[in-house]
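**Q** This one is final08.tsv, TSV, C-alpha atoms and all ligand atoms.
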```
chain	number	residue	atom	x	y	z
A	1	MET	CA	0.00	0.00	0.00
A	2	GLN	CA	1.37	3.37	-1.02
A	3	ILE	CA	1.17	6.59	0.95
A	4	ALA	CA	-1.63	8.78	-0.41
A	5	LYS	CA	-4.27	11.13	0.95
A	6	HIS	CA	-6.04	9.75	4.04
A	7	LYS	CA	-3.60	6.87	4.56
A	8	VAL	CA	-2.46	6.48	8.15
A	9	VAL	CA	1.32	6.34	8.14
A	10	SER	CA	3.82	5.33	10.85
A	11	ILE	CA	7.36	6.60	10.45
A	12	HIS	CA	10.62	6.69	12.33
A	13	TYR	CA	12.59	9.82	11.60
A	14	THR	CA	15.69	11.77	12.52
A	15	LEU	CA	15.86	15.50	11.82
A	16	LYS	CA	19.20	17.25	11.34
A	17	ASP	CA	20.17	20.78	10.41
A	18	ASN	CA	22.69	21.48	7.66
A	19	ALA	CA	25.56	21.33	10.17
A	20	GLY	CA	24.59	17.76	11.07
A	21	ASN	CA	23.20	18.52	14.51
A	22	THR	CA	20.30	16.26	15.47
A	23	LEU	CA	17.29	18.48	16.25
A	24	ASP	CA	14.71	15.79	16.81
A	25	SER	CA	14.36	12.05	16.46
A	26	SER	CA	11.81	9.34	17.08
A	27	GLU	CA	14.63	6.92	17.95
A	28	GLY	CA	13.90	5.10	21.18
A	29	ARG	CA	10.26	6.22	21.05
A	30	SER	CA	7.16	4.91	19.33
A	31	PRO	CA	6.95	5.79	15.64
A	32	LEU	CA	5.25	9.03	14.64
A	33	VAL	CA	1.74	8.23	13.36
A	34	TYR	CA	-0.05	10.73	11.14
A	35	MET	CA	-2.66	11.03	8.41
A	36	GLN	CA	-1.33	11.96	4.97
A	37	GLY	CA	-2.73	14.90	3.05
A	38	VAL	CA	-4.57	16.81	5.78
A	39	GLY	CA	-1.81	19.04	7.08
A	40	ASN	CA	-0.79	16.91	10.08
A	41	LEU	CA	2.85	17.28	8.96
A	42	ILE	CA	4.75	20.12	7.33
A	43	SER	CA	4.06	20.12	3.59
A	44	GLY	CA	7.65	19.25	2.60
A	45	MET	CA	7.40	16.00	4.58
A	46	GLU	CA	4.04	15.04	3.08
A	47	GLU	CA	5.35	15.72	-0.43
A	48	GLY	CA	8.46	13.61	0.18
A	49	LEU	CA	6.46	10.71	1.58
A	50	GLU	CA	3.69	10.67	-1.06
A	51	GLY	CA	3.78	7.38	-2.99
A	52	LYS	CA	6.21	5.66	-0.61
A	53	ALA	CA	5.45	2.29	1.00
A	54	LYS	CA	6.17	0.27	4.15
A	55	GLY	CA	9.88	-0.53	4.44
A	56	ASP	CA	11.04	2.41	2.35
A	57	LYS	CA	13.96	4.42	3.72
A	58	LEU	CA	14.53	7.88	2.36
A	59	GLN	CA	16.12	11.28	2.86
A	60	ILE	CA	13.88	14.32	2.62
A	61	LYS	CA	15.33	17.82	2.42
A	62	VAL	CA	12.77	20.47	3.33
A	63	SER	CA	13.14	24.18	2.60
A	64	PRO	CA	11.90	26.69	5.20
A	65	GLU	CA	9.02	27.57	2.86
A	66	LYS	CA	7.76	23.98	3.08
A	67	GLY	CA	8.87	23.56	6.67
A	68	TYR	CA	8.35	25.97	9.55
A	69	GLY	CA	8.41	29.11	7.42
A	70	VAL	CA	10.94	31.83	6.75
A	71	ARG	CA	12.00	34.11	9.57
A	72	ASP	CA	9.95	37.28	9.94
A	73	GLU	CA	11.90	39.98	11.80
A	74	ARG	CA	8.64	41.80	12.52
A	75	LEU	CA	7.88	39.03	15.00
A	76	LEU	CA	10.73	40.27	17.19
A	77	GLN	CA	9.15	42.43	19.86
A	78	LYS	CA	10.31	44.38	22.87
A	79	VAL	CA	7.95	44.14	25.80
A	80	PRO	CA	8.26	45.81	29.21
A	81	ARG	CA	9.92	43.68	31.87
A	82	SER	CA	6.87	44.39	34.03
A	83	ALA	CA	4.66	42.38	31.65
A	84	PHE	CA	6.17	39.24	33.19
A	85	GLY	CA	5.32	40.27	36.77
A	86	SER	CA	7.43	38.47	39.33
A	87	GLN	CA	8.11	35.58	36.96
A	88	GLU	CA	11.76	34.77	36.31
A	89	VAL	CA	12.75	35.56	32.72
A	90	ARG	CA	15.82	34.08	31.08
A	91	LYS	CA	17.09	33.95	27.52
A	92	GLY	CA	15.75	30.87	25.73
A	93	MET	CA	12.59	30.56	27.84
A	94	GLN	CA	9.35	30.09	25.95
A	95	PHE	CA	6.00	31.59	26.80
A	96	ARG	CA	2.54	31.38	25.36
A	97	ALA	CA	1.51	34.91	24.45
A	98	GLU	CA	-1.80	36.35	23.35
A	99	THR	CA	-1.27	38.27	20.12
A	100	GLU	CA	-3.51	39.87	17.50
A	101	GLY	CA	-3.16	36.68	15.46
A	102	GLY	CA	-4.20	34.43	18.36
A	103	PRO	CA	-2.13	32.52	20.90
A	104	GLN	CA	1.51	32.13	19.92
A	105	VAL	CA	4.62	30.63	21.48
A	106	VAL	CA	7.37	33.22	21.82
A	107	THR	CA	11.01	32.69	22.74
A	108	VAL	CA	12.94	35.15	24.91
A	109	THR	CA	16.03	36.29	22.99
A	110	GLU	CA	17.26	39.15	25.19
A	111	VAL	CA	16.62	40.26	28.77
A	112	GLY	CA	17.30	43.87	29.71
A	113	LEU	CA	16.60	45.79	32.90
A	114	GLU	CA	13.54	47.54	31.51
A	115	SER	CA	12.56	45.42	28.56
A	116	VAL	CA	12.55	41.87	27.25
A	117	THR	CA	12.91	40.94	23.58
A	118	VAL	CA	10.74	38.05	22.48
A	119	ASP	CA	10.75	36.26	19.12
A	120	GLY	CA	7.45	34.94	17.74
A	121	ASN	CA	9.12	32.95	14.97
A	122	HIS	CA	8.97	29.18	15.20
A	123	PRO	CA	12.38	28.00	16.55
A	124	LEU	CA	12.88	26.16	13.24
A	125	ALA	CA	11.78	29.06	11.02
A	126	GLY	CA	14.40	29.75	8.35
A	127	VAL	CA	16.11	26.41	8.93
A	128	GLU	CA	16.65	23.84	6.16
A	129	LEU	CA	15.51	20.50	7.51
A	130	ASN	CA	17.16	17.18	6.65
A	131	PHE	CA	15.00	14.20	7.53
A	132	SER	CA	16.04	10.55	7.46
A	133	VAL	CA	12.80	8.59	7.36
A	134	GLU	CA	11.83	4.93	7.50
A	135	VAL	CA	8.23	4.03	6.69
A	136	MET	CA	7.12	1.51	9.33
A	137	ASP	CA	3.48	1.03	8.34
A	138	VAL	CA	0.75	2.30	6.02
A	139	ARG	CA	-2.95	1.59	6.52
A	140	ASN	CA	-6.33	2.94	5.47
A	141	ALA	CA	-7.90	5.51	7.77
A	142	THR	CA	-11.34	4.78	9.24
A	143	THR	CA	-14.21	7.04	8.18
A	144	GLU	CA	-14.20	8.45	11.71
A	145	GLU	CA	-10.50	9.33	11.48
A	146	ILE	CA	-11.07	11.00	8.11
A	147	SER	CA	-13.96	13.08	9.48
A	148	HIS	CA	-11.83	14.14	12.47
A	149	GLY	CA	-8.74	14.84	10.35
A	150	HIS	CA	-6.43	12.93	12.68
A	151	VAL	CA	-5.39	9.44	13.70
A	152	HIS	CA	-7.03	7.48	16.51
A	153	GLY	CA	-5.48	4.72	18.62
A	154	PRO	CA	-1.77	4.12	19.32
A	155	GLY	CA	0.24	7.23	18.47
A	156	GLY	CA	-2.91	9.22	17.77
A	157	HIS	CA	-5.77	10.85	19.61
A	158	GLN	CA	-7.23	8.84	22.48
A	159	HIS	CA	-10.86	9.94	22.65
B	1	ZN	ZN	-10.76	12.16	16.65
```
Using the file provided, produce a representation of the structure as structure tokens.
Ligand code: ZN
**A**
Amino acid sequence: MQIAKHKVVSIHYTLKDNAGNTLDSSEGRSPLVYMQGVGNLISGMEEGLEGKAKGDKLQIKVSPEKGYGVRDERLLQKVPRSAFGSQEVRKGMQFRAETEGGPQVVTVTEVGLESVTVDGNHPLAGVELNFSVEVMDVRNATTEEISHGHVHGPGGHQH
């Protein structure tokens, strides 16, 4: 069975940046289970996996445009230190912030006495992604899974 829209796919993957640093991996965990063609994964991954089958091993290089987006410097923002109240603020910390575009995770990039600089870009925005993937399983989705737009059972939603 080949990977196509609405197939439920299990993969093991390792993600590296161009310098060879491992950013994420399913090694030692259960495989990642997702439904193809409904936006569960970044589009570059879905494109690379389309048509593949159980047992296939492949490399997928994903550009920022088809990954976590290009960096947008307008998402760098200075906010008053007081906005964090008595909470400790350190560089690298992540917070959920309410913005005009809805809730967003921001990363602290600079802490000053009066102000804190936060970055609303995804941590992997602007990064070329190099995936090593092994397809562990491909199955048909149930009609319920298709109507929900996600996978049920092991590795998926439990509800
Ligand atoms: Zn569901």
**Q** Mind listing the residues within 10 Å of ligand ZN 1 (chain B), only C-alpha atoms and all ligand atoms counted, as an mmCIF file with C-alpha atoms, keeping the file's coordinate frame?
**A**
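And here is the file that came out, result_26.cif:
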```
data_model
loop_
_atom_site.group_PDB
_atom_site.id
_atom_site.type_symbol
_atom_site.label_atom_id
_atom_site.label_comp_id
_atom_site.auth_asym_id
_atom_site.auth_seq_id
_atom_site.Cartn_x
_atom_site.Cartn_y
_atom_site.Cartn_z
ATOM 1 C CA GLU A 144 -14.200 8.450 11.710
ATOM 2 C CA GLU A 145 -10.500 9.330 11.480
ATOM 3 C CA ILE A 146 -11.070 11.000 8.110
ATOM 4 C CA SER A 147 -13.960 13.080 9.480
ATOM 5 C CA HIS A 148 -11.830 14.140 12.470
ATOM 6 C CA GLY A 149 -8.740 14.840 10.350
ATOM 7 C CA HIS A 150 -6.430 12.930 12.680
ATOM 8 C CA VAL A 151 -5.390 9.440 13.700
ATOM 9 C CA HIS A 152 -7.030 7.480 16.510
ATOM 10 C CA GLY A 153 -5.480 4.720 18.620
ATOM 11 C CA GLY A 156 -2.910 9.220 17.770
ATOM 12 C CA HIS A 157 -5.770 10.850 19.610
ATOM 13 C CA GLN A 158 -7.230 8.840 22.480
ATOM 14 C CA HIS A 159 -10.860 9.940 22.650
#
```
**Q** Excluding Ser10 (chain A) and any residue of its chain fewer than 2 positions from it, enumerate the residues within 12 Å of it, using only C-alpha atoms, and give them as a count of residues only.
**A** 31
**Q** Would you list the residues near (2.2, 13.8, -2.5) (no more than 9 Å away, in the coordinates of the file, using only C-alpha atoms) as JSON, numbers by chain?
**A** {"A": [3, 4, 5, 36, 37, 43, 46, 47, 48, 49, 50, 51]}
**Q** Given all atoms listed in the file as the basis, pick out the residue of A:Asn18, A:Thr143, A:Ser115, A:Asn130 nearest to Ala83 (chain A).
**A**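 Ranked by minimum distance to Ala83 (chain A), first place goes to A:Ser115.
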**Q** Give me the residues near Ala125 (chain A) as a list in words, where near means some atom within 9 Å (using only C-alpha atoms) and where sequence neighbours in that chain fewer than 4 positions away do not count.
**A**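 The contact residues come out as Pro64, Glu65, Gly67, Tyr68, Gly69, Val70, Arg71, Asp72 and Asn121 of chain A.
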**Q** Excluding Ala19 (chain A) and residues on its chain fewer than 4 positions from it, collect all residues at most 12 Å away from it, counting only C-alpha atoms, and give them as a count of residues only.
**A** 6
**Q** Just want the 12 Å neighbourhood of Val89 (chain A), counted on only C-alpha atoms, with same-chain residues fewer than 2 positions away dropped. Output as number ranges by chain.
**A** A: 80-87, 91-95, 107-113, 115-118
**Q** Could you dump the residues just selected with C-alpha atoms as an mmCIF file, keeping the file's coordinate frame?
**A**
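The resulting out_17.cif:
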```cif
data_model
loop_
_atom_site.group_PDB
_atom_site.id
_atom_site.type_symbol
_atom_site.label_atom_id
_atom_site.label_comp_id
_atom_site.auth_asym_id
_atom_site.auth_seq_id
_atom_site.Cartn_x
_atom_site.Cartn_y
_atom_site.Cartn_z
ATOM 1 C CA PRO A 80 8.260 45.810 29.210
ATOM 2 C CA ARG A 81 9.920 43.680 31.870
ATOM 3 C CA SER A 82 6.870 44.390 34.030
ATOM 4 C CA ALA A 83 4.660 42.380 31.650
ATOM 5 C CA PHE A 84 6.170 39.240 33.190
ATOM 6 C CA GLY A 85 5.320 40.270 36.770
ATOM 7 C CA SER A 86 7.430 38.470 39.330
ATOM 8 C CA GLN A 87 8.110 35.580 36.960
ATOM 9 C CA LYS A 91 17.090 33.950 27.520
ATOM 10 C CA GLY A 92 15.750 30.870 25.730
ATOM 11 C CA MET A 93 12.590 30.560 27.840
ATOM 12 C CA GLN A 94 9.350 30.090 25.950
ATOM 13 C CA PHE A 95 6.000 31.590 26.800
ATOM 14 C CA THR A 107 11.010 32.690 22.740
ATOM 15 C CA VAL A 108 12.940 35.150 24.910
ATOM 16 C CA THR A 109 16.030 36.290 22.990
ATOM 17 C CA GLU A 110 17.260 39.150 25.190
ATOM 18 C CA VAL A 111 16.620 40.260 28.770
ATOM 19 C CA GLY A 112 17.300 43.870 29.710
ATOM 20 C CA LEU A 113 16.600 45.790 32.900
ATOM 21 C CA SER A 115 12.560 45.420 28.560
ATOM 22 C CA VAL A 116 12.550 41.870 27.250
ATOM 23 C CA THR A 117 12.910 40.940 23.580
ATOM 24 C CA VAL A 118 10.740 38.050 22.480
#
```
**Q** CA of Gly102 (chain A) and CA of Leu76 (chain A), how far apart in Å?
**A** 16.1 Å
**Q** Out of A:Glu114, A:His6, A:Val79, A:Thr99, which residue has the shortest atom-to-atom distance to Gly39 (chain A) when counting all atoms listed in the file?
**A** A:His6
**Q** May I ask which of the residues A:Lys16, A:Asn40, A:Phe131, A:Met1 is the closest one to Gln59 (chain A), counting all atoms listed in the file?
**A** A:Phe131
**Q** Could you check the closest approach to Ser63 (chain A) for each of A:Met45, A:Val38, A:Val105, A:Ile11 and tell me which residue wins, using all atoms listed in the file?
**A**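 Comparing A:Met45, A:Val38, A:Val105, A:Ile11 against Ser63 (chain A), the winner is A:Met45.
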**Q** To one decimal in Å, tell me the separation between CA of Arg74 (chain A) and CA of Gly120 (chain A).
**A**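 Answer for the CA of Arg74 (chain A) to CA of Gly120 (chain A) separation: 8.7 Å.
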**Q** Using the partial input, fill out region 44-55 of chain A with all heavy atoms; write the result as a compact mmCIF listing (two decimals), in the coordinates of the input.
**A**
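Ended up saving to out.txt:
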```
# COMPACT_ATOMS: atom_id res chain seq x y z
N GLY A 44 6.47 19.87 3.22
CA GLY A 44 7.65 19.25 2.60
C GLY A 44 7.78 17.78 2.96
O GLY A 44 8.24 16.96 2.15
N MET A 45 7.36 17.40 4.17
CA MET A 45 7.40 16.00 4.58
C MET A 45 6.33 15.20 3.85
O MET A 45 6.58 14.10 3.34
CB MET A 45 7.15 15.89 6.09
CG MET A 45 8.39 16.10 6.92
SD MET A 45 9.56 14.74 6.74
CE MET A 45 8.99 13.64 8.05
N GLU A 46 5.12 15.76 3.76
CA GLU A 46 4.04 15.04 3.08
C GLU A 46 4.38 14.84 1.61
O GLU A 46 4.14 13.76 1.06
CB GLU A 46 2.71 15.80 3.25
CG GLU A 46 2.22 15.79 4.69
CD GLU A 46 0.72 16.06 4.81
OE1 GLU A 46 0.11 16.48 3.80
OE2 GLU A 46 0.19 15.87 5.91
N GLU A 47 4.97 15.85 0.98
CA GLU A 47 5.35 15.72 -0.43
C GLU A 47 6.40 14.63 -0.61
O GLU A 47 6.34 13.84 -1.55
CB GLU A 47 5.89 17.05 -0.97
CG GLU A 47 4.80 18.05 -1.29
CD GLU A 47 5.37 19.40 -1.73
OE1 GLU A 47 6.54 19.45 -2.19
OE2 GLU A 47 4.64 20.40 -1.61
N GLY A 48 7.38 14.59 0.29
CA GLY A 48 8.46 13.61 0.18
C GLY A 48 7.99 12.19 0.41
O GLY A 48 8.57 11.24 -0.11
N LEU A 49 6.93 12.04 1.22
CA LEU A 49 6.46 10.71 1.58
C LEU A 49 5.39 10.19 0.63
O LEU A 49 5.14 8.97 0.58
CB LEU A 49 5.91 10.73 3.02
CG LEU A 49 6.99 10.75 4.09
CD1 LEU A 49 6.45 11.26 5.42
CD2 LEU A 49 7.58 9.35 4.28
N GLU A 50 4.76 11.08 -0.13
CA GLU A 50 3.69 10.67 -1.06
C GLU A 50 4.20 9.55 -1.98
O GLU A 50 5.27 9.66 -2.58
CB GLU A 50 3.25 11.89 -1.89
CG GLU A 50 2.12 11.65 -2.87
CD GLU A 50 0.74 11.63 -2.23
OE1 GLU A 50 0.59 12.13 -1.09
OE2 GLU A 50 -0.19 11.12 -2.88
N GLY A 51 3.43 8.47 -2.07
CA GLY A 51 3.78 7.38 -2.99
C GLY A 51 4.74 6.35 -2.42
O GLY A 51 4.98 5.31 -3.03
N LYS A 52 5.29 6.63 -1.22
CA LYS A 52 6.21 5.66 -0.61
C LYS A 52 5.42 4.54 0.07
O LYS A 52 4.20 4.64 0.23
CB LYS A 52 7.10 6.37 0.40
CG LYS A 52 8.00 7.44 -0.23
CD LYS A 52 9.00 6.83 -1.19
CE LYS A 52 9.95 7.86 -1.79
NZ LYS A 52 9.29 8.75 -2.75
N ALA A 53 6.11 3.46 0.43
CA ALA A 53 5.45 2.29 1.00
C ALA A 53 6.22 1.78 2.21
O ALA A 53 7.36 2.19 2.47
CB ALA A 53 5.33 1.19 -0.05
N LYS A 54 5.56 0.87 2.97
CA LYS A 54 6.17 0.27 4.15
C LYS A 54 7.55 -0.29 3.80
O LYS A 54 7.71 -0.97 2.79
CB LYS A 54 5.25 -0.84 4.67
CG LYS A 54 5.76 -1.54 5.92
CD LYS A 54 4.77 -2.57 6.39
CE LYS A 54 5.31 -3.35 7.58
NZ LYS A 54 4.31 -4.28 8.13
N GLY A 55 8.53 -0.02 4.65
CA GLY A 55 9.88 -0.53 4.44
C GLY A 55 10.80 0.43 3.71
O GLY A 55 12.02 0.26 3.72
```
